[in-house]
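File shown: entry04.cif (mmCIF, C-alpha atoms and all ligand atoms).
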data_upload
#
loop_
_atom_site.label_atom_id
_atom_site.label_comp_id
_atom_site.auth_asym_id
_atom_site.auth_seq_id
_atom_site.Cartn_x
_atom_site.Cartn_y
_atom_site.Cartn_z
CA MET W 45 41.48 27.93 -0.04
CA ALA W 46 39.34 29.62 2.54
CA PHE W 47 37.54 26.32 3.04
CA LEU W 48 40.78 24.47 3.49
CA SER W 49 41.92 26.79 6.20
CA LEU W 50 38.57 26.39 7.95
CA GLN W 51 39.16 22.69 7.95
CA SER W 52 42.38 23.14 9.82
CA LEU W 53 40.54 24.75 12.74
CA GLY W 54 39.75 22.66 15.79
CA ALA W 55 36.45 20.81 15.88
CA SER W 56 34.98 22.93 18.66
CA VAL W 57 35.77 26.15 16.80
CA ARG W 58 34.12 24.80 13.66
CA ILE W 59 31.04 23.76 15.55
CA ALA W 60 30.85 27.17 17.21
CA LEU W 61 31.05 28.77 13.77
CA LEU W 62 28.40 26.47 12.51
CA VAL W 63 26.07 27.36 15.36
CA GLY W 64 26.68 31.04 14.78
CA LEU W 65 26.03 30.86 11.04
CA CYS W 66 22.94 28.81 11.56
CA GLY W 67 21.63 31.37 14.00
CA LEU W 68 21.97 34.03 11.29
CA ILE W 69 19.83 32.10 8.84
CA ASP W 70 17.45 30.66 11.36
CA ASN W 71 14.66 31.74 9.08
CA GLY W 72 15.76 29.06 6.64
CA ILE W 73 13.18 26.51 5.57
CA GLU W 74 12.13 24.34 8.45
CA PHE W 75 12.62 20.93 7.00
CA ASN W 76 10.27 19.38 9.48
CA ARG W 77 9.61 19.70 13.15
CA LYS W 78 11.72 16.72 14.02
CA CYS W 79 14.68 17.94 12.02
CA SER W 80 17.82 17.95 14.07
CA LEU W 81 21.33 17.20 13.08
CA SER W 82 21.42 14.32 15.49
CA ASP W 83 18.74 12.73 13.29
CA GLN W 84 20.74 13.17 10.17
CA LYS W 85 22.70 10.44 8.59
CA TYR W 86 26.19 11.61 7.86
CA SER W 87 28.58 8.77 7.41
CA ASN W 88 31.57 10.92 8.21
CA ASN W 89 33.89 11.59 11.05
CA GLY W 90 31.12 13.01 13.18
CA ASP W 91 32.00 16.70 13.38
CA VAL W 92 28.58 17.85 12.29
CA ARG W 93 26.76 14.95 13.81
CA ALA W 94 27.98 16.18 17.18
CA PHE W 95 25.83 19.24 16.81
CA SER W 96 22.26 18.74 17.88
CA GLY W 97 19.22 20.89 17.67
CA ARG W 98 17.24 22.22 14.75
CA LEU W 99 19.48 23.76 12.17
CA CYS W 100 18.34 25.10 8.87
CA ASP W 101 17.19 23.86 5.52
CA TRP W 102 18.73 20.85 3.96
CA ASP W 103 20.81 22.59 1.30
CA THR W 104 22.35 24.83 3.91
CA ALA W 105 23.07 21.87 6.13
CA ARG W 106 24.79 20.12 3.26
CA LEU W 107 26.82 23.20 2.42
CA PHE W 108 27.92 23.45 6.04
CA GLN W 109 28.88 19.89 6.09
CA MET W 110 30.99 20.30 3.00
CA LEU W 111 32.68 23.28 4.58
CA PHE W 112 33.25 21.92 8.01
CA CYS W 113 33.83 18.21 7.83
CA ASN W 114 37.35 16.95 7.83
CA SER W 115 37.01 13.83 5.80
CA CYS W 116 33.41 13.21 5.04
CA ASP W 117 32.37 11.22 2.04
CA ARG W 118 30.37 13.96 0.36
CA LYS W 119 28.42 11.60 -1.83
CA SER W 120 27.05 9.80 1.19
CA VAL W 121 25.42 12.92 2.58
CA VAL W 122 21.68 12.48 2.47
CA LYS W 123 18.72 14.57 3.44
CA PRO W 124 17.72 14.60 7.09
CA ALA W 125 15.52 11.58 7.52
CA LEU W 126 12.25 11.31 9.31
CA ASP W 127 12.14 8.18 11.39
CA LYS W 128 8.42 8.34 12.14
CA ILE W 129 5.62 9.22 9.76
CA TYR W 130 1.96 9.25 10.73
CA VAL W 131 -0.78 8.31 8.28
CA ASP W 132 -4.35 9.14 9.09
CA HIS W 133 -7.18 8.95 6.56
CA ALA W 134 -9.06 11.66 8.40
CA GLY W 135 -6.21 14.14 8.07
CA HIS W 136 -4.74 14.09 11.58
CA GLY W 137 -1.37 12.79 10.46
CA ASP W 138 1.52 13.75 8.19
CA THR W 139 -0.30 12.19 5.23
CA ARG W 140 -3.75 10.82 4.44
CA THR W 141 -2.57 7.91 2.31
CA VAL W 142 0.00 5.20 2.88
CA GLN W 143 1.64 5.79 -0.49
CA GLU W 144 2.25 9.47 0.27
CA ALA W 145 3.99 8.41 3.47
CA VAL W 146 6.19 5.96 1.55
CA GLU W 147 7.13 8.80 -0.80
CA LEU W 148 8.38 10.82 2.18
CA VAL W 149 11.03 8.21 2.90
CA MET W 150 14.33 9.14 1.30
CA ASP W 151 15.60 7.14 -1.62
CA GLY W 152 18.48 4.99 -0.45
CA ASN W 153 17.20 5.15 3.13
CA LYS W 154 19.42 3.19 5.53
CA LYS W 155 17.76 3.67 8.89
CA ARG W 156 14.45 2.20 9.97
CA VAL W 157 11.49 4.50 9.31
CA THR W 158 8.22 3.56 10.97
CA ILE W 159 5.04 4.53 9.20
CA TYR W 160 2.21 4.53 11.74
CA ILE W 161 -1.10 3.91 10.04
CA SER W 162 -4.15 4.75 12.11
CA ALA W 163 -7.27 2.58 12.22
CA GLY W 164 -9.30 2.76 9.04
CA THR W 165 -9.61 1.44 5.53
CA TYR W 166 -7.07 2.77 3.04
CA THR W 167 -8.45 2.14 -0.43
CA GLU W 168 -5.30 2.49 -2.48
CA LYS W 169 -2.65 0.52 -4.24
CA VAL W 170 0.66 0.73 -2.39
CA LEU W 171 4.18 0.17 -3.70
CA VAL W 172 7.28 0.20 -1.51
CA PRO W 173 9.95 0.55 -4.22
CA ASN W 174 13.30 -1.16 -3.96
CA ASN W 175 15.20 2.07 -3.31
CA LYS W 176 13.39 2.60 0.01
CA PRO W 177 14.54 -0.17 2.34
CA TYR W 178 14.08 -0.29 6.14
CA ILE W 179 10.42 0.75 6.23
CA THR W 180 8.02 -0.53 8.88
CA PHE W 181 4.25 -0.37 8.48
CA GLN W 182 2.78 -0.21 11.95
CA GLY W 183 -0.97 -0.80 11.87
CA SER W 184 -3.40 -0.36 14.75
CA GLY W 185 -4.50 -4.00 14.62
CA SER W 186 -5.08 -6.34 11.69
CA ASP W 187 -8.83 -5.94 12.27
CA LYS W 188 -8.54 -2.14 12.34
CA THR W 189 -6.03 -0.94 9.76
CA VAL W 190 -6.72 -2.24 6.26
CA ILE W 191 -5.09 -1.48 2.92
CA THR W 192 -7.34 -2.67 0.11
CA TRP W 193 -7.62 -2.61 -3.67
CA ASN W 194 -9.33 -4.77 -6.29
CA ASP W 195 -7.25 -5.38 -9.40
CA ASN W 196 -7.30 -8.77 -11.09
CA ALA W 197 -5.17 -10.14 -13.92
CA ASN W 198 -7.86 -9.42 -16.50
CA LYS W 199 -7.71 -5.76 -15.67
CA THR W 200 -3.94 -5.34 -15.38
CA GLY W 201 -2.85 -7.84 -18.02
CA SER W 202 -0.49 -9.56 -15.59
CA THR W 203 -0.88 -11.25 -12.24
CA TYR W 204 2.18 -9.44 -10.89
CA LYS W 205 0.55 -6.07 -11.46
CA THR W 206 -2.54 -6.93 -9.42
CA ALA W 207 -1.00 -6.59 -5.95
CA SER W 208 -2.87 -4.26 -3.63
CA VAL W 209 0.40 -3.89 -1.70
CA ALA W 210 3.72 -4.66 -3.34
CA ILE W 211 6.93 -4.72 -1.30
CA GLU W 212 9.99 -4.46 -3.50
CA ALA W 213 12.33 -3.08 -0.84
CA ASP W 214 14.56 -5.10 1.47
CA HIS W 215 14.24 -4.98 5.25
CA PHE W 216 10.52 -4.24 5.20
CA ILE W 217 8.52 -5.02 8.35
CA ALA W 218 4.76 -4.93 8.92
CA TRP W 219 2.97 -5.15 12.25
CA ASN W 220 -0.74 -5.64 12.89
CA ILE W 221 -2.19 -4.58 9.56
CA SER W 222 -4.38 -6.17 6.86
CA PHE W 223 -3.75 -6.41 3.15
CA LYS W 224 -6.77 -7.15 0.95
CA ASN W 225 -7.66 -7.73 -2.63
CA THR W 226 -11.43 -7.58 -3.09
CA ALA W 227 -11.63 -8.54 -6.77
CA PRO W 228 -14.71 -10.76 -7.14
CA THR W 229 -14.43 -14.46 -6.33
CA PRO W 230 -13.75 -16.29 -9.56
CA GLY W 231 -16.42 -18.76 -10.64
CA PRO W 232 -15.49 -22.16 -12.07
CA GLY W 233 -13.15 -21.97 -15.06
CA ILE W 234 -12.93 -18.20 -14.97
CA ILE W 235 -9.75 -16.88 -16.57
CA GLY W 236 -7.88 -13.82 -15.37
CA ALA W 237 -9.10 -13.88 -11.79
CA GLN W 238 -5.65 -13.88 -10.21
CA ALA W 239 -5.71 -11.08 -7.67
CA ILE W 240 -2.80 -10.56 -5.31
CA ALA W 241 -3.35 -8.83 -1.99
CA LEU W 242 0.32 -8.79 -0.90
CA GLN W 243 3.42 -9.31 -3.05
CA VAL W 244 6.83 -9.57 -1.44
CA VAL W 245 9.89 -9.28 -3.66
CA GLY W 246 12.32 -7.65 -1.22
CA ASP W 247 14.81 -9.65 0.83
CA LYS W 248 14.75 -9.93 4.65
CA CYS W 249 11.14 -8.89 5.15
CA ALA W 250 9.05 -9.78 8.19
CA PHE W 251 5.32 -9.70 8.92
CA TYR W 252 3.92 -9.91 12.43
CA GLY W 253 0.24 -10.16 13.29
CA CYS W 254 -0.79 -9.30 9.75
CA ALA W 255 -3.77 -10.55 7.74
CA VAL W 256 -3.86 -11.18 4.01
CA TYR W 257 -7.24 -11.61 2.31
CA GLY W 258 -7.98 -12.67 -1.26
CA TYR W 259 -9.24 -15.54 -3.39
CA GLN W 260 -6.81 -16.70 -6.06
CA ASP W 261 -3.08 -15.94 -5.62
CA THR W 262 -3.64 -14.00 -2.38
CA LEU W 263 -0.02 -13.84 -1.25
CA ASN W 264 2.77 -13.71 -3.79
CA ASP W 265 5.73 -14.79 -1.72
CA HIS W 266 7.81 -14.14 -4.76
CA GLN W 267 11.50 -14.03 -3.86
CA GLY W 268 13.84 -13.25 -0.99
CA ARG W 269 13.90 -14.41 2.63
CA HIS W 270 10.71 -13.74 4.55
CA TYR W 271 9.25 -14.36 7.97
CA PHE W 272 5.53 -14.49 8.74
CA LYS W 273 4.65 -14.74 12.41
CA GLU W 274 1.11 -15.01 13.78
CA CYS W 275 -0.37 -13.98 10.49
CA TYR W 276 -3.75 -14.87 9.01
CA ILE W 277 -3.85 -15.75 5.32
CA GLU W 278 -6.96 -16.72 3.39
CA GLY W 279 -7.85 -17.65 -0.16
CA ILE W 280 -9.12 -20.41 -2.37
CA VAL W 281 -6.43 -21.49 -4.79
CA ASP W 282 -2.63 -21.20 -4.88
CA PHE W 283 -3.01 -18.58 -2.26
CA ILE W 284 0.56 -18.72 -1.02
CA PHE W 285 2.69 -18.89 -4.12
CA GLY W 286 6.08 -17.88 -5.47
CA ASN W 287 9.72 -18.83 -5.15
CA ALA W 288 10.77 -17.22 -1.89
CA ARG W 289 12.58 -18.84 1.02
CA SER W 290 10.11 -18.27 3.83
CA LEU W 291 9.17 -19.34 7.28
CA TYR W 292 5.55 -19.23 8.43
CA GLU W 293 5.32 -19.58 12.19
CA SER W 294 2.08 -19.81 14.19
CA CYS W 295 -0.01 -18.61 11.28
CA ILE W 296 -3.68 -19.37 10.61
CA ILE W 297 -4.34 -20.31 7.03
CA ARG W 298 -7.96 -20.42 5.92
CA SER W 299 -9.24 -22.06 2.77
CA ASN W 300 -12.51 -20.62 1.49
CA LEU W 301 -12.83 -23.26 -1.13
CA ASP W 302 -15.91 -25.07 -2.29
CA LYS W 303 -14.13 -27.31 -4.79
CA TRP W 304 -10.58 -27.86 -5.91
CA GLY W 305 -7.67 -25.81 -4.69
CA ALA W 306 -4.22 -25.75 -3.17
CA ILE W 307 -2.76 -23.76 -0.33
CA THR W 308 0.73 -23.41 -1.75
CA ALA W 309 2.10 -23.21 -5.28
CA HIS W 310 5.83 -23.02 -4.79
CA SER W 311 7.86 -22.42 -7.93
CA ARG W 312 11.42 -23.54 -7.28
CA LEU W 313 13.01 -24.09 -10.67
CA SER W 314 16.08 -26.18 -10.02
CA GLU W 315 17.97 -28.11 -7.44
CA ASP W 316 20.41 -25.22 -7.04
CA GLU W 317 17.85 -22.78 -5.71
CA VAL W 318 17.81 -22.38 -1.93
CA THR W 319 14.10 -21.61 -1.75
CA GLY W 320 11.05 -23.18 -0.18
CA PHE W 321 8.21 -22.54 2.25
CA GLY W 322 8.45 -23.86 5.80
CA PHE W 323 5.34 -23.89 8.01
CA VAL W 324 5.54 -24.59 11.73
CA HIS W 325 2.90 -24.45 14.49
CA CYS W 326 0.32 -23.24 11.99
CA SER W 327 -3.39 -24.09 11.68
CA LEU W 328 -4.98 -25.01 8.38
CA ILE W 329 -8.72 -24.41 8.60
CA GLY W 330 -11.77 -23.53 6.51
CA THR W 331 -13.81 -25.32 3.88
CA GLY W 332 -13.41 -27.56 0.85
CA GLN W 333 -10.92 -30.25 -0.03
CA ILE W 334 -7.62 -28.61 -0.52
CA PHE W 335 -4.10 -29.78 -1.33
CA LEU W 336 -1.21 -28.68 0.84
CA GLY W 337 0.60 -27.76 -2.32
CA ARG W 338 0.78 -28.18 -6.02
CA ALA W 339 3.99 -27.99 -7.99
CA TRP W 340 3.86 -24.79 -9.98
CA ARG W 341 7.47 -25.57 -10.93
CA SER W 342 8.93 -29.04 -10.75
CA TYR W 343 11.38 -28.41 -7.86
CA ALA W 344 8.73 -26.96 -5.55
CA ARG W 345 9.74 -27.29 -1.90
CA VAL W 346 7.26 -27.05 0.99
CA VAL W 347 7.37 -28.46 4.52
CA PHE W 348 4.62 -28.51 7.14
CA ALA W 349 5.66 -29.33 10.71
CA SER W 350 3.79 -29.42 14.03
CA THR W 351 0.79 -27.96 12.27
CA TYR W 352 -2.91 -28.55 12.93
CA MET W 353 -4.83 -29.65 9.84
CA GLU W 354 -8.62 -29.69 9.71
CA GLU W 355 -10.54 -32.22 7.62
CA ILE W 356 -10.24 -29.89 4.64
CA ILE W 357 -6.91 -31.40 3.53
CA ASN W 358 -7.29 -33.75 0.55
CA SER W 359 -5.97 -37.07 1.84
CA GLN W 360 -3.48 -37.28 -1.05
CA GLY W 361 -1.92 -34.11 0.32
CA TRP W 362 0.04 -32.95 -2.71
CA ASP W 363 -0.36 -32.49 -6.44
CA ASP W 364 2.29 -32.57 -9.18
CA TRP W 365 0.37 -30.24 -11.52
CA GLY W 366 0.11 -32.98 -14.11
CA ASN W 367 3.85 -33.55 -14.44
CA LYS W 368 4.69 -37.13 -13.39
CA SER W 369 8.42 -36.48 -13.74
CA ALA W 370 8.13 -33.78 -11.11
CA ASP W 371 7.30 -36.48 -8.54
CA GLU W 372 11.04 -37.17 -8.50
CA THR W 373 12.07 -33.56 -8.05
CA VAL W 374 9.55 -31.86 -5.77
CA PHE W 375 10.28 -31.76 -2.03
CA TYR W 376 7.05 -32.05 -0.11
CA GLY W 377 7.65 -32.85 3.54
CA GLU W 378 5.52 -33.35 6.63
CA TYR W 379 6.50 -33.83 10.24
CA ASN W 380 4.55 -34.17 13.47
CA ASN W 381 1.34 -32.62 12.17
CA ASN W 382 -1.95 -33.24 13.93
CA GLY W 383 -5.71 -33.02 13.43
CA PRO W 384 -8.06 -34.90 11.10
CA GLY W 385 -6.29 -33.71 7.92
CA ALA W 386 -2.82 -34.74 9.04
CA SER W 387 -2.87 -38.49 8.42
CA LEU W 388 -0.13 -39.61 6.03
CA ALA W 389 -2.08 -42.77 5.15
CA GLY W 390 -3.57 -41.57 1.86
CA ARG W 391 -0.71 -39.32 0.79
CA VAL W 392 0.87 -39.44 -2.68
CA SER W 393 3.96 -41.63 -2.86
CA TYR W 394 6.37 -38.72 -3.17
CA THR W 395 5.32 -37.22 0.17
CA ARG W 396 8.31 -37.22 2.52
CA ALA W 397 7.69 -38.19 6.11
CA LEU W 398 10.49 -36.18 7.68
CA SER W 399 12.44 -36.77 10.85
CA SER W 400 12.55 -33.96 13.38
CA MET W 401 16.09 -33.10 12.24
CA GLU W 402 15.08 -32.96 8.58
CA ALA W 403 12.02 -30.85 9.34
CA ALA W 404 14.01 -28.45 11.50
CA LYS W 405 16.10 -27.42 8.52
CA TYR W 406 13.04 -25.76 6.97
CA THR W 407 11.15 -24.69 10.08
CA HIS W 408 13.75 -22.90 12.18
CA ILE W 409 14.71 -19.25 11.67
CA ASP W 410 18.08 -20.43 10.35
CA TRP W 411 16.21 -21.56 7.23
CA ILE W 412 15.86 -17.88 6.34
CA ASN W 413 19.17 -16.90 7.99
CA GLY W 414 16.93 -15.15 10.48
CA SER W 415 19.51 -14.85 13.25
CA ASP W 416 21.42 -12.48 10.94
CA TRP W 417 18.59 -10.07 10.23
CA LEU W 418 15.36 -10.68 12.16
CA HIS W 419 14.75 -8.27 15.05
CA GLY W 420 17.12 -5.80 13.40
C1 LIG H 1 0.19 -6.28 17.74
O1 LIG H 1 -1.08 -6.76 18.14
C2 LIG H 1 -1.01 -7.65 19.26
C3 LIG H 1 -2.39 -8.25 19.47
O2 LIG H 1 -3.33 -7.25 19.56
C4 LIG H 1 -0.51 -6.87 20.46
O3 LIG H 1 -0.39 -7.72 21.57
C5 LIG H 1 0.86 -6.32 20.13
O4 LIG H 1 1.31 -5.50 21.18
C6 LIG H 1 0.82 -5.48 18.85
N1 LIG H 1 2.19 -5.11 18.51
C7 LIG H 1 2.51 -4.07 17.78
C8 LIG H 1 3.96 -3.76 17.62
O5 LIG H 1 1.65 -3.37 17.24
C1 LIG H 2 -11.60 -11.99 -18.01
O1 LIG H 2 -11.93 -11.68 -19.38
C2 LIG H 2 -12.41 -12.79 -20.13
C3 LIG H 2 -12.59 -12.34 -21.55
O2 LIG H 2 -13.25 -11.11 -21.60
C4 LIG H 2 -13.70 -13.31 -19.46
O3 LIG H 2 -14.17 -14.45 -20.18
C5 LIG H 2 -13.44 -13.67 -18.02
O4 LIG H 2 -14.62 -14.07 -17.38
C6 LIG H 2 -12.83 -12.49 -17.28
N1 LIG H 2 -12.46 -12.92 -15.94
C7 LIG H 2 -12.75 -12.20 -14.87
C8 LIG H 2 -12.29 -12.75 -13.55
O5 LIG H 2 -13.32 -11.14 -14.90
C1 LIG H 3 8.38 -31.87 -15.39
O1 LIG H 3 9.32 -32.18 -14.38
C2 LIG H 3 10.61 -32.47 -14.86
C3 LIG H 3 11.44 -32.93 -13.67
O2 LIG H 3 11.63 -31.88 -12.78
C4 LIG H 3 11.19 -31.23 -15.53
O3 LIG H 3 12.47 -31.51 -16.04
C5 LIG H 3 10.27 -30.79 -16.66
O4 LIG H 3 10.73 -29.59 -17.19
C6 LIG H 3 8.86 -30.61 -16.13
N1 LIG H 3 7.95 -30.33 -17.24
C7 LIG H 3 7.20 -29.26 -17.27
C8 LIG H 3 6.30 -29.13 -18.46
O5 LIG H 3 7.22 -28.41 -16.39
C1 LIG H 4 21.52 -19.21 5.15
O1 LIG H 4 20.52 -20.22 5.09
C2 LIG H 4 20.76 -21.26 4.19
C3 LIG H 4 19.54 -22.18 4.23
O2 LIG H 4 19.25 -22.56 5.54
C4 LIG H 4 22.04 -21.99 4.56
O3 LIG H 4 22.30 -23.00 3.59
C5 LIG H 4 23.18 -21.00 4.59
O4 LIG H 4 24.35 -21.64 5.03
C6 LIG H 4 22.84 -19.85 5.52
N1 LIG H 4 23.89 -18.84 5.43
C7 LIG H 4 24.45 -18.30 6.49
C8 LIG H 4 25.48 -17.27 6.23
O5 LIG H 4 24.15 -18.65 7.62
#

Could you write out this file's structure as C-alpha cells?
Ligand SMILES: *[C@@H]1O[C@H](CO)[C@@H](O)[C@H](O)[C@H]1NC(C)=O
Ligand SMILES: *[C@@H]1O[C@H](CO)[C@@H](O)[C@H](O)[C@H]1NC(C)=O
Ligand SMILES: *[C@@H]1O[C@H](CO)[C@@H](O)[C@H](O)[C@H]1NC(C)=O
Ligand SMILES: *[C@@H]1O[C@H](CO)[C@@H](O)[C@H](O)[C@H]1NC(C)=O
Amino acid sequence: MAFLSLQSLGASVRIALLVGLCGLIDNGIEFNRKCSLSDQKYSNNGDVRAFSGRLCDWDTARLFQMLFCNSCDRKSVVKPALDKIYVDHAGHGDTRTVQEAVELVMDGNKKRVTIYISAGTYTEKVLVPNNKPYITFQGSGSDKTVITWNDNANKTGSTYKTASVAIEADHFIAWNISFKNTAPTPGPGIIGAQAIALQVVGDKCAFYGCAVYGYQDTLNDHQGRHYFKECYIEGIVDFIFGNARSLYESCIIRSNLDKWGAITAHSRLSEDEVTGFGFVHCSLIGTGQIFLGRAWRSYARVVFASTYMEEIINSQGWDDWGNKSADETVFYGEYNNNGPGASLAGRVSYTRALSSMEAAKYTHIDWINGSDWLHG
C-alpha cells in the first residue's frame, strides 16, 4: 500500500525521493564507472530513465524502479548495460580475452555493444551465443588484431565444432579484424581436415574490412542474412560454404590450392529456400585450378557479377559434385565478369549467363534485405 501511494506522487517528487535515497546508499556497489541511469535500458514510461548520473548497485536500482515507476513492465528491466568494452591482451583493458568481453554483455542485450579489441593475437576460441545480439567486434586493423585457434574435424568430431570464432547471435558486426584457423594444411586424401575459421549462424550480420584465413572450410556461411564488404577470404577447398543468404561486395578471395578445389560449396536444399551467395566487384586470385562452386546440395545457388577472375578458375567453372540430376536444379550464374578466368566459353552447360537485371537480384543489398537492417 505504501508503494501504491508513492506511485500517486508526481514524477518530480518521485525523482527527488529517488535522488535522496540514492545519496544515502551511495556506498552501494559501483556497477561500473560508466554506470548511469541514462545508460540503462528500461522499457517503461521513462520516470527513472529521466534521472541521470551514477546511482547505486543494480539490485537497488531495480528495487527503485519497481517502487517508483508508474507502469513499467517489470520483467523487461535489465541490468545496466555497458555499451563499450575494451579488450587488451596486455591487460590495459576491461578484459584480456575476447570471450571474457563477450561474457560481460547482458543476456538478451538489445542495444549495440562495441567490443574494442586492441592490436595483437588472441589465441582463443570465441563464441558469441545467440542470446547476446547486437555485438560489434572492432579490431585495430585486419593485419593487427587476430583471433586464432587450430581445431580440425578430427579433433572435435564435427566440422561445426571447429570454428575459431562462431557467431550465433543476430545483429553481429565486425570491423577490421582477422579470424584464423591454423590447423595444418591437409595433404591429399586426408580425412578430418575441415577447420573453420569463422562460422556465422546469426541473422543480419555484417563484416567490414575483415580477413578470414584457413584451408578447408574456412568460412562457414551457415544460415541467416549476411553482408561481407571489403573482406579478404582465403582457403583451398569449399572455403566459403553453407546455406546462408549472403552478399559479398568488393572482397578479395584467394585460393591457395595446388590441385583440385572449389571456392564455394553452397548447400541450398530445395527450391523453397531463399538462400544463395552473391558476389559483386570481387577479385578471385591465387594459385591452382579452382571451381567457382560445387554443389554441396543440389539446389546450390551462387552468382558472380562484375568480378575479376585470375587464370586460376577452371574453365568449366562449376561442378555438380557427381550428381547429374543436380545440373537441372543448381543456380550458378555469372554476369559481366572480367579477367583471364572469366570466359564463359568452356563453362559447363548449366552455367547461367545472366542479364544485368537477373544478376542484380543476387548482388544488390536488397538480396539480403539490407536496406532494413544494414547500417543499423
Ligand atoms: C577500417 O580500416 C580501414 C582501412 O584501414 C579504415 O579506413 C577504416 O577507417 C577502419 N574503420 C573502422 C571502423 O575501424
Ligand atoms: C584424422 O584421423 C585419421 C585417423 O586417425 C587420420 O588418418 C587422418 O590423417 C587425420 N586427419 C588429420 C587432418 O589429422
Ligand atoms: C541429386 O539431385 C537431385 C535433383 O536436385 C536431387 O533430387 C537428389 O536428391 C540429388 N541426389 C543426391 C545424392 O544428393
Ligand atoms: C527480402 O529479400 C528477399 C530476397 O531478395 C525478397 O524475396 C523479399 O521480398 C525481401 N523481403 C522484404 C520484406 O523486403

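Picture a line from atom CA of W:Tyr252 to atom CA of W:Glu355; it runs 27.0 Å.
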
Query raised in the report: How far is it from atom CA of W:Ala370 to atom CA of W:Val346, in Å with one decimal?
Result: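 Atom-to-atom, atom CA of W:Ala370 and atom CA of W:Val346 are spaced 13.9 Å apart.
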
With a cut-off of 8 Å, could you pull out the residues of chain W touching ligand LIG 4 (chain H) and give me the nearest pair of atoms for each, distance in Å to one decimal, using only C-alpha atoms and all ligand atoms, ordered by chain and ascending number, as CSV?
residue,atom,partner,partner_atom,distance
W:Val318,CA,H:LIG4,C3,6.4
W:Lys405,CA,H:LIG4,O2,6.5
W:Tyr406,CA,H:LIG4,O2,7.1
W:Asp410,CA,H:LIG4,O2,5.4
W:Trp411,CA,H:LIG4,O2,3.6
W:Ile412,CA,H:LIG4,O1,5.4
W:Asn413,CA,H:LIG4,C1,4.4
W:Asp416,CA,H:LIG4,O5,7.5

Query - Among the residues W:Ala227, W:Cys249, W:Ala241, W:Val190, the one that comes closest to W:Val209 [using all atoms listed in the file] - result: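 The shortest atom-to-atom distance to W:Val209 comes from W:Ala241.
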
Report task. Name each residue within 12 Å of ligand LIG 3 (chain H), counting all atoms listed in the file, as a PyMOL selection string. Result -> chain W and resi 311-315+339-345+364-375

Keeping only C-alpha atoms, write the selected residues to a file as a CSV table (one decimal), in the frame of the given file.
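Output below, filename again_36.csv:
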chain,number,residue,atom,x,y,z
W,311,SER,CA,7.9,-22.4,-7.9
W,312,ARG,CA,11.4,-23.5,-7.3
W,313,LEU,CA,13.0,-24.1,-10.7
W,314,SER,CA,16.1,-26.2,-10.0
W,315,GLU,CA,18.0,-28.1,-7.4
W,339,ALA,CA,4.0,-28.0,-8.0
W,340,TRP,CA,3.9,-24.8,-10.0
W,341,ARG,CA,7.5,-25.6,-10.9
W,342,SER,CA,8.9,-29.0,-10.8
W,343,TYR,CA,11.4,-28.4,-7.9
W,344,ALA,CA,8.7,-27.0,-5.6
W,345,ARG,CA,9.7,-27.3,-1.9
W,364,ASP,CA,2.3,-32.6,-9.2
W,365,TRP,CA,0.4,-30.2,-11.5
W,366,GLY,CA,0.1,-33.0,-14.1
W,367,ASN,CA,3.8,-33.6,-14.4
W,368,LYS,CA,4.7,-37.1,-13.4
W,369,SER,CA,8.4,-36.5,-13.7
W,370,ALA,CA,8.1,-33.8,-11.1
W,371,ASP,CA,7.3,-36.5,-8.5
W,372,GLU,CA,11.0,-37.2,-8.5
W,373,THR,CA,12.1,-33.6,-8.0
W,374,VAL,CA,9.6,-31.9,-5.8
W,375,PHE,CA,10.3,-31.8,-2.0

Report task. List all protein, DNA and RNA residues that have an atom no more than 8 Å from any atom of ligand LIG 1 (chain H), counting all atoms listed in the file, and report them as number ranges by chain. Result -> W: 182-186, 219-220, 252-253

Query - 8 Å contact set for W:Cys326, all atoms listed in the file, chain neighbours under 4 positions out, as an NGL selection string - result: :W and (292-297 or 350-352)

Query - Neighbour list for W:Gln143 as an MDAnalysis selection string, cut-off 9 Å, only C-alpha atoms, skip fewer than 5 positions in-chain - result: chainID W and resid 148 168:172

Can those selected residues be exported to a file as a PDB file, in the coordinates of the input so that it contains C-alpha atoms?
ATOM      1  CA  LEU W 148       8.380  10.820   2.180  1.00  0.00           C
ATOM      2  CA  GLU W 168      -5.300   2.490  -2.480  1.00  0.00           C
ATOM      3  CA  LYS W 169      -2.650   0.520  -4.240  1.00  0.00           C
ATOM      4  CA  VAL W 170       0.660   0.730  -2.390  1.00  0.00           C
ATOM      5  CA  LEU W 171       4.180   0.170  -3.700  1.00  0.00           C
ATOM      6  CA  VAL W 172       7.280   0.200  -1.510  1.00  0.00           C
TER       7      VAL W 172
END

Requested in this report: For each of W:Ile211, W:Val146, W:Ile234, W:Ile280, take the minimum atom-to-atom distance to W:Thr262, counting all atoms listed in the file, then give the residue where this is smallest.
Outcome: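 Distance minimum relative to W:Thr262 lands on W:Ile280.
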
Report task. Could you pull out the residues sitting within 10 Å of ligand LIG 2 (chain H), using all atoms listed in the file, and write them as a ChimeraX atom specification? Result -> /W:195-199,201,227-239
